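J.: Take a look at input26.txt, compact mmCIF, C-alpha atoms and all ligand atoms:
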```txt
# COMPACT_ATOMS: atom_id res chain seq x y z
CA MET A 1 -18.90 6.99 1.15
CA ALA A 2 -18.14 3.45 0.05
CA VAL A 3 -15.52 1.74 2.18
CA LYS A 4 -12.49 0.92 0.07
CA THR A 5 -10.09 -1.85 0.89
CA LEU A 6 -6.44 -0.98 1.29
CA GLU A 7 -4.30 -1.66 -1.75
CA ILE A 8 -0.70 -2.53 -0.93
CA LYS A 9 2.16 -2.77 -3.39
CA PRO A 10 5.94 -2.78 -3.07
CA LEU A 11 7.74 0.51 -3.70
CA GLY A 12 9.35 0.47 -7.11
CA GLY A 13 13.12 0.24 -6.82
CA LEU A 14 15.60 1.95 -9.12
CA PRO A 15 17.48 -0.13 -11.71
CA ASN A 16 20.20 -2.19 -9.95
CA SER A 17 18.49 -1.60 -6.61
CA LYS A 18 18.77 -4.28 -3.94
CA VAL A 19 16.26 -2.50 -1.72
CA ASP A 20 14.02 -5.15 -0.20
CA PHE A 21 11.77 -2.96 1.95
CA GLY A 22 8.98 -0.40 1.58
CA VAL A 23 5.36 -0.52 0.46
CA GLU A 24 2.81 1.93 -0.85
CA ILE A 25 -0.81 1.87 0.35
CA GLU A 26 -3.77 3.40 -1.50
CA ASN A 27 -7.19 4.12 0.00
CA ALA A 28 -6.25 4.59 3.66
CA ASP A 29 -8.80 6.85 5.37
CA VAL A 30 -6.52 8.23 8.08
CA GLU A 31 -9.16 10.56 9.57
CA ASN A 32 -11.49 7.57 10.15
CA LEU A 33 -9.18 4.60 10.38
CA THR A 34 -10.79 1.28 11.30
CA ASP A 35 -9.02 -1.07 13.68
CA SER A 36 -8.63 -3.65 10.93
CA ASP A 37 -7.07 -1.10 8.56
CA PHE A 38 -4.68 -0.02 11.31
CA GLU A 39 -3.66 -3.65 11.80
CA VAL A 40 -2.89 -3.93 8.07
CA ILE A 41 -0.76 -0.77 8.24
CA ARG A 42 1.03 -1.93 11.41
CA ASP A 43 1.75 -5.31 9.86
CA ALA A 44 3.14 -3.55 6.76
CA LEU A 45 5.30 -1.28 8.93
CA TYR A 46 6.98 -4.10 10.84
CA ASN A 47 7.41 -6.29 7.76
CA SER A 48 8.35 -3.58 5.26
CA HIS A 49 9.71 -0.76 7.50
CA VAL A 50 8.68 2.14 5.23
CA VAL A 51 4.98 2.59 4.46
CA VAL A 52 3.83 5.31 2.06
CA LEU A 53 0.15 6.21 2.47
CA LYS A 54 -0.81 7.95 -0.76
CA ASN A 55 -3.20 10.91 -1.22
CA GLN A 56 -3.38 12.11 2.39
CA ALA A 57 -3.21 15.86 1.70
CA GLY A 58 -6.29 16.61 3.81
CA VAL A 59 -5.07 14.86 6.95
CA SER A 60 -4.88 17.19 9.95
CA PRO A 61 -1.90 17.40 12.35
CA LYS A 62 -4.21 15.87 14.99
CA ALA A 63 -5.03 12.85 12.83
CA GLN A 64 -1.34 12.44 11.97
CA TYR A 65 -0.53 12.50 15.69
CA GLU A 66 -3.29 10.01 16.50
CA LEU A 67 -2.17 7.57 13.81
CA THR A 68 1.45 7.82 14.98
CA LYS A 69 0.42 7.34 18.61
CA GLN A 70 -1.63 4.26 17.74
CA PHE A 71 1.62 2.32 17.29
CA ASP A 72 2.42 3.04 20.95
CA PRO A 73 -0.73 4.20 22.76
CA ALA A 74 1.06 4.87 26.08
CA SER A 75 3.50 7.34 24.44
CA ASP A 76 2.67 11.02 24.30
CA ASN A 77 5.72 13.30 24.40
CA TYR A 78 7.59 14.42 21.31
CA GLY A 79 10.57 12.12 20.69
CA HIS A 80 13.12 14.79 21.61
CA GLY A 81 11.11 16.06 24.59
CA LYS A 82 12.13 19.63 25.33
CA THR A 83 15.75 19.12 24.35
CA LEU A 84 15.10 21.25 21.26
CA ASP A 85 15.00 24.28 23.54
CA ALA A 86 18.74 24.04 24.02
CA LYS A 87 20.09 26.74 21.74
CA ARG A 88 23.29 24.84 21.04
CA SER A 89 21.63 21.61 19.87
CA VAL A 90 22.37 20.66 16.26
CA LEU A 91 18.63 19.95 15.91
CA HIS A 92 17.44 23.36 17.02
CA PRO A 93 17.36 25.31 13.72
CA ASP A 94 15.53 22.69 11.70
CA LEU A 95 12.16 22.25 13.42
CA LYS A 96 9.16 24.42 14.36
CA THR A 97 6.54 23.02 16.75
CA ILE A 98 2.83 23.26 15.85
CA PRO A 99 1.35 25.20 18.81
CA HIS A 100 -1.90 23.20 19.02
CA GLN A 101 -0.21 19.81 18.45
CA PRO A 102 3.23 19.89 20.09
CA GLN A 103 4.16 16.35 19.02
CA VAL A 104 4.08 17.52 15.41
CA GLN A 105 6.95 19.58 13.98
CA VAL A 106 7.10 21.57 10.76
CA ILE A 107 10.22 21.28 8.62
CA GLY A 108 10.99 22.45 5.11
CA ASN A 109 12.31 25.36 3.09
CA GLY A 110 11.09 28.90 2.43
CA PHE A 111 8.98 31.61 4.06
CA TYR A 112 5.37 31.01 5.13
CA GLU A 113 3.06 33.73 6.47
CA GLU A 114 0.91 31.24 8.33
CA TYR A 115 0.73 27.51 8.80
CA GLU A 116 -1.29 25.75 11.51
CA GLY A 117 -0.95 28.69 13.89
CA LEU A 118 2.72 29.33 13.17
CA LYS A 119 3.13 32.88 11.88
CA ASN A 120 5.84 34.31 9.61
CA ILE A 121 8.07 31.29 9.73
CA THR A 122 11.20 30.81 7.68
CA LEU A 123 12.05 27.15 7.19
CA VAL A 124 15.57 26.21 6.15
CA HIS A 125 16.33 22.81 4.69
CA PRO A 126 19.40 21.50 6.48
CA HIS A 127 22.41 21.90 4.19
CA HIS A 128 25.41 19.62 4.51
CA LYS A 129 27.82 22.58 4.42
CA LYS A 130 26.66 23.52 7.94
CA PHE A 131 27.31 20.03 9.30
CA HIS A 132 29.98 18.30 7.20
CA LYS A 133 33.70 18.78 7.65
CA GLU A 134 34.19 19.41 3.94
CA ALA A 135 31.43 20.71 1.66
CA ILE A 136 30.75 20.26 -2.02
CA PRO A 137 32.28 23.28 -3.87
CA GLU A 138 29.89 26.22 -4.26
CA GLU A 139 29.80 25.97 -8.07
CA ASP A 140 28.37 22.41 -7.86
CA ASP A 141 26.05 23.15 -4.98
CA LEU A 142 22.68 22.98 -6.74
CA ALA A 143 23.61 20.00 -8.92
CA ALA A 144 25.17 17.85 -6.22
CA THR A 145 24.26 16.92 -2.68
CA ARG A 146 25.07 14.63 0.22
CA PHE A 147 23.43 12.51 2.88
CA PHE A 148 23.06 15.20 5.56
CA ARG A 149 23.08 12.90 8.62
CA TRP A 150 22.17 9.22 8.87
CA HIS A 151 20.18 8.77 12.05
CA ILE A 152 17.45 7.26 14.12
CA ASP A 153 14.91 9.78 15.43
CA ALA A 154 15.77 9.69 19.11
CA ALA A 155 16.86 11.94 21.98
CA LEU A 156 19.23 9.14 23.12
CA TYR A 157 19.25 10.67 26.60
CA ALA A 158 16.48 10.23 29.18
CA LEU A 159 13.85 9.27 26.57
CA ASN A 160 13.32 6.00 24.69
CA PRO A 161 13.68 5.98 20.89
CA PRO A 162 10.30 6.44 19.20
CA LYS A 163 8.81 3.35 17.56
CA VAL A 164 7.43 5.10 14.53
CA THR A 165 7.93 8.44 12.80
CA SER A 166 5.40 9.90 10.38
CA LEU A 167 6.30 12.43 7.70
CA MET A 168 3.63 14.27 5.72
CA ALA A 169 4.52 16.04 2.49
CA VAL A 170 2.37 19.18 2.42
CA LYS A 171 4.40 21.08 -0.16
CA VAL A 172 7.02 19.55 -2.46
CA PRO A 173 9.09 21.59 -4.94
CA ALA A 174 8.84 20.55 -8.58
CA GLY A 175 10.92 17.79 -9.97
CA ARG A 176 14.60 18.74 -10.11
CA ARG A 177 17.12 15.92 -9.56
CA GLN A 178 20.54 15.96 -7.95
CA THR A 179 23.59 13.75 -7.83
CA LEU A 180 24.28 12.55 -4.34
CA ARG A 181 28.02 12.19 -3.72
CA TYR A 182 29.55 10.01 -1.03
CA ASP A 183 32.94 11.77 -1.38
CA ASP A 184 34.59 9.10 0.74
CA GLY A 185 37.09 7.81 -1.81
CA THR A 186 34.76 5.09 -3.16
CA GLY A 187 33.47 7.18 -6.08
CA GLU A 188 29.95 6.06 -5.23
CA GLU A 189 27.09 8.31 -6.33
CA LEU A 190 23.30 8.16 -6.38
CA ASP A 191 20.82 10.01 -8.57
CA VAL A 192 18.12 11.44 -6.28
CA PRO A 193 15.04 13.67 -6.49
CA LEU A 194 15.49 17.11 -4.88
CA GLY A 195 14.78 16.88 -1.15
CA THR A 196 14.46 13.12 -1.02
CA THR A 197 14.46 11.35 2.31
CA ALA A 198 16.88 8.42 2.11
CA PHE A 199 16.22 5.19 3.99
CA VAL A 200 18.31 2.08 4.60
CA SER A 201 17.26 -1.09 6.37
CA GLY A 202 18.87 -1.93 9.71
CA GLN A 203 18.05 -5.55 9.03
CA ASN A 204 20.03 -5.43 5.79
CA MET A 205 22.84 -3.62 7.65
CA TYR A 206 23.00 -6.59 10.03
CA ASN A 207 22.67 -9.23 7.30
CA LEU A 208 25.61 -7.79 5.32
CA LEU A 209 28.03 -8.37 8.22
CA SER A 210 30.45 -11.29 8.50
CA GLU A 211 29.47 -14.02 10.97
CA GLU A 212 32.13 -12.72 13.36
CA ASP A 213 30.77 -9.17 13.23
CA LYS A 214 27.21 -10.45 13.62
CA GLU A 215 28.18 -12.15 16.83
CA PHE A 216 29.93 -8.99 18.02
CA VAL A 217 26.96 -6.70 17.33
CA ARG A 218 24.58 -9.13 19.02
CA THR A 219 26.49 -8.76 22.27
CA ALA A 220 28.15 -5.33 22.28
CA LYS A 221 26.34 -2.18 23.42
CA VAL A 222 26.67 1.47 22.54
CA GLU A 223 26.87 4.25 25.10
CA TYR A 224 25.47 7.52 23.82
CA ALA A 225 26.74 10.90 24.95
CA PRO A 226 24.55 12.75 27.44
CA HIS A 227 22.63 15.54 25.65
CA PRO A 228 24.24 14.20 22.46
CA TYR A 229 23.05 16.92 20.07
CA VAL A 230 24.57 19.62 22.25
CA TRP A 231 27.70 17.54 22.97
CA MET A 232 28.41 17.00 19.25
CA SER A 233 27.61 20.58 18.20
CA PRO A 234 31.20 21.78 17.58
CA ALA A 235 32.11 18.56 15.70
CA LYS A 236 31.73 17.98 11.96
CA SER A 237 30.41 15.04 9.97
CA ARG A 238 32.08 12.66 7.59
CA SER A 239 31.21 13.31 3.95
CA ASP A 240 28.91 10.27 3.78
CA GLY A 241 26.81 11.59 6.69
CA LEU A 242 27.56 8.42 8.63
CA GLY A 243 29.08 9.72 11.85
CA MET A 244 31.49 12.43 12.90
CA VAL A 245 35.12 13.25 12.20
CA SER A 246 37.20 12.89 15.37
CA GLU A 247 39.09 16.08 16.18
CA GLY A 248 38.55 16.21 19.93
CA VAL A 249 36.20 19.18 19.72
CA GLU A 250 33.07 17.71 21.34
CA LEU A 251 31.89 19.79 24.31
CA PRO A 252 33.27 18.71 27.68
CA LEU A 253 30.54 17.18 29.89
CA SER A 254 30.93 20.13 32.28
CA ASP A 255 29.68 22.45 29.53
CA LEU A 256 26.49 20.44 28.91
CA PRO A 257 23.13 20.92 30.62
CA PRO A 258 22.92 19.06 33.97
CA ILE A 259 23.56 15.33 33.60
CA ASN A 260 21.73 12.66 35.53
CA GLU A 261 23.71 9.41 35.22
CA LYS A 262 20.45 7.45 35.23
CA ASN A 263 19.43 9.11 31.98
CA ILE A 264 22.49 8.06 29.99
CA LYS A 265 21.52 5.52 27.33
CA ILE A 266 23.49 2.31 26.89
CA LEU A 267 21.64 0.43 24.17
CA PRO A 268 22.20 -2.84 22.32
CA MET A 269 23.71 -2.49 18.83
CA CYS A 270 20.98 -4.77 17.46
CA TRP A 271 17.30 -4.22 18.03
CA LYS A 272 14.76 -6.98 17.63
CA ASN A 273 11.69 -6.49 15.46
CA PRO A 274 8.67 -7.09 17.72
CA VAL A 275 6.65 -8.71 14.91
CA THR A 276 9.17 -10.68 12.81
CA GLY A 277 11.84 -11.25 15.49
CA ASN A 278 14.52 -10.21 12.97
CA LEU A 279 17.53 -8.20 14.14
CA ALA A 280 18.41 -4.76 12.84
CA LEU A 281 21.76 -3.03 13.38
CA GLN A 282 20.52 0.22 14.89
CA ILE A 283 23.24 2.66 15.90
CA HIS A 284 22.98 6.45 15.73
CA PRO A 285 26.51 7.02 14.47
CA SER A 286 27.00 10.69 15.33
CA ALA A 287 25.80 10.41 18.95
CA ILE A 288 27.96 7.47 20.06
CA LYS A 289 30.51 8.01 22.82
CA ALA A 290 31.72 4.54 23.88
CA ILE A 291 31.28 0.84 23.17
CA HIS A 292 30.65 -1.67 25.93
CA LEU A 293 32.38 -4.81 24.69
CA PRO A 294 31.01 -8.31 25.23
CA ASN A 295 33.88 -9.03 27.69
CA GLY A 296 32.82 -6.13 29.92
CA GLU A 297 35.54 -3.72 28.84
CA VAL A 298 34.55 -0.27 27.65
CA MET A 299 36.08 1.24 24.52
CA THR A 300 36.34 4.98 25.10
CA ASP A 301 38.76 6.20 22.41
CA LEU A 302 36.25 8.18 20.39
CA LYS A 303 38.07 7.81 17.09
CA GLU A 304 38.34 4.04 17.51
CA VAL A 305 34.69 3.81 18.56
CA ARG A 306 33.58 5.78 15.52
CA ASP A 307 35.84 3.93 13.10
CA LEU A 308 34.52 0.57 14.30
CA VAL A 309 30.88 1.62 13.96
CA HIS A 310 31.55 3.16 10.55
CA ARG A 311 33.12 -0.09 9.33
CA LEU A 312 29.99 -1.98 10.46
CA GLN A 313 27.47 0.44 8.97
CA ARG A 314 29.08 1.67 5.75
CA PRO A 315 28.38 -1.35 3.49
CA ALA A 316 24.62 -0.91 3.95
CA ILE A 317 24.50 2.70 2.75
CA SER A 318 25.98 1.88 -0.67
CA PRO A 319 23.72 3.11 -3.48
CA GLU A 320 22.06 -0.22 -4.24
CA TYR A 321 20.73 -0.51 -0.67
CA VAL A 322 19.36 3.04 -0.35
CA TYR A 323 15.70 3.87 -0.93
CA PRO A 324 15.47 7.58 -1.85
CA HIS A 325 11.77 8.44 -1.59
CA ASP A 326 10.46 10.57 -4.45
CA TRP A 327 8.01 12.75 -2.51
CA VAL A 328 4.60 13.62 -3.93
CA GLU A 329 2.33 16.10 -2.11
CA GLY A 330 -0.08 14.13 0.09
CA ASP A 331 2.37 11.32 0.82
CA LEU A 332 2.16 10.34 4.47
CA VAL A 333 5.14 8.13 5.18
CA LEU A 334 5.34 6.00 8.31
CA PHE A 335 8.64 4.38 9.08
CA ASN A 336 9.86 1.81 11.58
CA ASN A 337 12.25 4.10 13.42
CA GLN A 338 13.67 1.11 15.32
CA GLY A 339 14.36 -0.75 12.06
CA VAL A 340 15.70 1.83 9.59
CA LEU A 341 18.24 4.63 9.44
CA HIS A 342 17.28 7.69 7.43
CA SER A 343 18.81 10.92 6.22
CA VAL A 344 17.75 14.31 4.99
CA VAL A 345 19.16 14.99 1.51
CA GLY A 346 19.30 17.98 -0.79
CA ALA A 347 20.52 21.48 -1.46
CA PHE A 348 17.70 23.97 -2.11
CA SER A 349 17.68 27.49 -3.41
CA PRO A 350 15.66 29.85 -1.15
CA GLU A 351 12.75 30.03 -3.63
CA GLU A 352 12.31 26.26 -3.73
CA LYS A 353 9.53 25.86 -1.20
CA ARG A 354 8.99 22.71 0.79
CA LEU A 355 6.77 22.08 3.80
CA PHE A 356 6.60 18.82 5.72
CA ARG A 357 5.13 17.72 9.04
CA GLN A 358 7.02 15.27 11.21
CA CYS A 359 5.61 13.42 14.22
CA ASN A 360 7.10 10.93 16.63
CA MET A 361 6.84 10.22 20.31
CA ALA A 362 9.38 8.90 22.78
CA SER A 363 8.50 5.25 23.21
CA SER A 364 6.69 4.13 26.34
CA GLU A 365 9.22 1.31 26.66
CA GLY A 366 12.86 0.59 25.82
CA VAL A 367 14.14 -0.99 22.62
CA MET A 368 14.27 -4.79 22.48
CA GLY A 369 17.72 -6.32 22.44
CA PRO A 370 18.67 -9.60 20.76
CA ASP A 371 18.04 -11.29 24.13
CA GLY A 372 14.41 -10.16 24.12
CA LYS A 373 15.00 -7.75 27.04
CA LEU A 374 14.06 -4.07 26.91
CA TYR A 375 16.82 -1.46 27.21
FE FE B 1 14.77 12.17 11.26
```
Would you mind writing the file's structure down as structure tokens?
T.:
Amino acid sequence: MAVKTLEIKPLGGLPNSKVDFGVEIENADVENLTDSDFEVIRDALYNSHVVVLKNQAGVSPKAQYELTKQFDPASDNYGHGKTLDAKRSVLHPDLKTIPHQPQVQVIGNGFYEEYEGLKNITLVHPHHKKFHKEAIPEEDDLAATRFFRWHIDAALYALNPPKVTSLMAVKVPAGRRQTLRYDDGTGEELDVPLGTTAFVSGQNMYNLLSEEDKEFVRTAKVEYAPHPYVWMSPAKSRSDGLGMVSEGVELPLSDLPPINEKNIKILPMCWKNPVTGNLALQIHPSAIKAIHLPNGEVMTDLKEVRDLVHRLQRPAISPEYVYPHDWVEGDLVLFNNQGVLHSVVGAFSPEEKRLFRQCNMASSEGVMGPDGKLY
């Protein structure tokens, strides 16, 4: 077969979009990737944050794993480790592990008799009504949707945040669109394809801040809850998917799995891009527990902590800064998990079938702070 050169072009934005990230690449041969092609893809990932490899329907879970691992060859364990086994975790219902490739998870919607060794699986697309404090009324449910949960793919306890996540669209339901509502008093809305994955740039999130806030986020750190997805399980999300409502219902630490203090993550608010050196505001808003201020004090009032982080992050999820990917079967998306936030979106009916494969691995090293140190 003739060797084709990679063709790279920017992702087309919507009218009025200010999205300045994302590229599409044609002709990548993921099953037989050359070192030079990988370098092109890696360069695209760290400069453009979201890379869509087109026409990859035949790529095996093993090849997807190997490509994802190539960004961090010393990594090998799934990004959430075994934390998914905890029955109370908010992540538990959404993912099924491929038996022969445990770093790769199946997500989606609908019943499948068999897929990659998984038998008789029912996939359920996460619906905001199970996670948000207030849901869109039932009569609007198929027409309107929300950002389910803005996040970084990361255990945020014991394991380092993965560098890269890959998402493969195996089955995509046909072309319905929905109106995404923010329902936060701003009246903001976004027209999205059913089951889009929404991305925003952490670099843009940083750049939109005032000079005073930029200085603050360069020096403050975030303390994440131990076993955060279990800890937060009784709590409910804000309607924009950007963090939790504070009602004092998080599980007490004594009700969590055993905690080793050493495994608690205190991470910089800004993470430095290893290729461009640019800073991204990278905070997982629903897992935060405290803020370590530049003067050494620790902010522990959960409502104040959350309100502060929400004020910093909210401008960058306004519609003009969101890239809602319009999935086509065979799209293999790689994203810079340390440089973007992303969210599941969509409300499906049970017969709307969707099957995706997700892969990421806990990084072999910490995230880079603005000072160039690893945390
Ligand atoms: Fe994710």
J.: Collect all residues with atoms no farther than 8 Å from ligand FE 1 (chain B), counting all atoms listed in the file, and output them as an NGL selection string.
T.: :A and (151-153 or 165 or 342-344)
J.: Which residues of stretch 131-219 of chain A have any atom within 12 Å of an atom in stretch 231-237 of chain A when counting only C-alpha atoms, and what is the closest pair of atoms for each, with the distance in Å to one decimal? Order the rows by chain and rising number and write it as CSV.
T.:
```
residue,atom,partner,partner_atom,distance
A:Phe131,CA,A:Lys236,CA,5.6
A:His132,CA,A:Ser237,CA,4.3
A:Lys133,CA,A:Lys236,CA,4.8
A:Glu134,CA,A:Ser237,CA,8.4
A:Ala135,CA,A:Ser237,CA,10.1
A:Arg146,CA,A:Ser237,CA,11.1
A:Phe147,CA,A:Ser237,CA,10.3
A:Phe148,CA,A:Ser237,CA,8.6
A:Arg149,CA,A:Ser237,CA,7.8
A:Trp150,CA,A:Ser237,CA,10.1
A:Leu156,CA,A:Trp231,CA,11.9
A:Tyr157,CA,A:Trp231,CA,11.5
A:Asp184,CA,A:Ser237,CA,11.7
```
J.: Which residues are close to A:Lys9, i.e. within 9 Å by all atoms listed in the file, leaving aside same-chain residues fewer than 6 positions away? Reply as a list in words.
T.: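 Near neighbours after the sequence-gap exclusion: Gly22, Val23, Glu24, Ile25 and Glu26 of chain A.
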J.: Just the number, please: distance in Å from atom CA of A:Met244 to atom CA of A:Pro285, one decimal.
T.: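 Computing it gives 7.5 Å between the two atoms.
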J.: Do you have the atom CA of A:Ala198-atom CA of A:Gln338 distance handy?
T.: 15.4 Å
J.: Do a neighbour search on stretch 328-331 of chain A at 7 Å with only C-alpha atoms, toss out local chain neighbours closer than 4 positions, and write the hits as a PyMOL selection string.
T.: chain A and resi 52-57+168-172
J.: Taking into account all atoms listed in the file, which residue in the set A:Tyr182, A:Phe111, A:Phe71, A:Tyr321 is nearest to A:Ile136?
T.: A:Tyr182
J.: Pick the closest to A:Met361 from A:Asn204, A:Ser210, A:Ser75, A:Ser254: which is it, counting all atoms listed in the file?
T.: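 Ranked by minimum distance to A:Met361, first place goes to A:Ser75.
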J.: Might you pull out every residue within 10 Å of A:Phe38, with only C-alpha atoms counted and same-chain residues fewer than 5 positions away left off, and present them as a list of chain:residue names?
T.: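 Near A:Phe38, the qualifying residues are A:Ala28, A:Asp29, A:Val30, A:Leu33, A:Asp43, A:Ala44, A:Leu67, A:Gln70, A:Phe71.
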J.: Between A:Tyr65, A:Val305, A:Ile266, A:Ala287, which residue has the minimum interatomic distance to A:Val90, considering only C-alpha atoms?
T.: A:Ala287
J.: So, with all atoms listed in the file as the atoms that count, which of A:Ile107, A:Val217, A:Ala74, A:Leu14 lies closest to A:Pro162?
T.: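 Of A:Ile107, A:Val217, A:Ala74, A:Leu14, the one nearest A:Pro162, counting all atoms listed in the file, is A:Ala74.
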J.: Tell me, in Å to one decimal, how far atom CA of A:Trp271 is from atom CA of A:Met368.
T.: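 We find that atom CA of A:Trp271 and atom CA of A:Met368 lie 5.4 Å from each other.
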J.: Under the rule that all atoms listed in the file are counted, which of A:Ile283, A:Ala158, A:Ile98, A:Leu334 is the nearest residue to A:Arg306?
T.: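 Once distances to A:Arg306 are computed over all atoms listed in the file, the minimum belongs to A:Ile283.
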J.: Quick one: residues within 8 Å of A:Leu256, all atoms listed in the file counted, chain neighbours fewer than 4 positions away excluded, as a list in words?
T.: His227, Val230, Trp231, Leu251 and Pro252 of chain A
J.: Considering all atoms listed in the file, return as a ChimeraX atom specification whatever protein or nucleic-acid residues lie within 10 Å of A:Arg218, sequence-local ones (same chain, fewer than 4 positions apart) excluded.
T.: /A:206,213-214,268-271,279-281,294,369-371
J.: Name the closest residue to A:Leu142 among the candidates A:Val59, A:Leu374, A:Ala347, A:Ala174; distances are taken between atoms, counting all atoms listed in the file.
T.: A:Ala347
J.: Padding 8 Å on each side, edges along x, y and z: where is the centre of the box around the listed atoms of stretch 88-107 of chain A, and how long are its edges in Å to one decimal? Output it as AutoDock Vina command-line options.
T.:
```
--center_x 10.7 --center_y 20.8 --center_z 14.8 --size_x 41.2 --size_y 25.0 --size_z 28.4
```
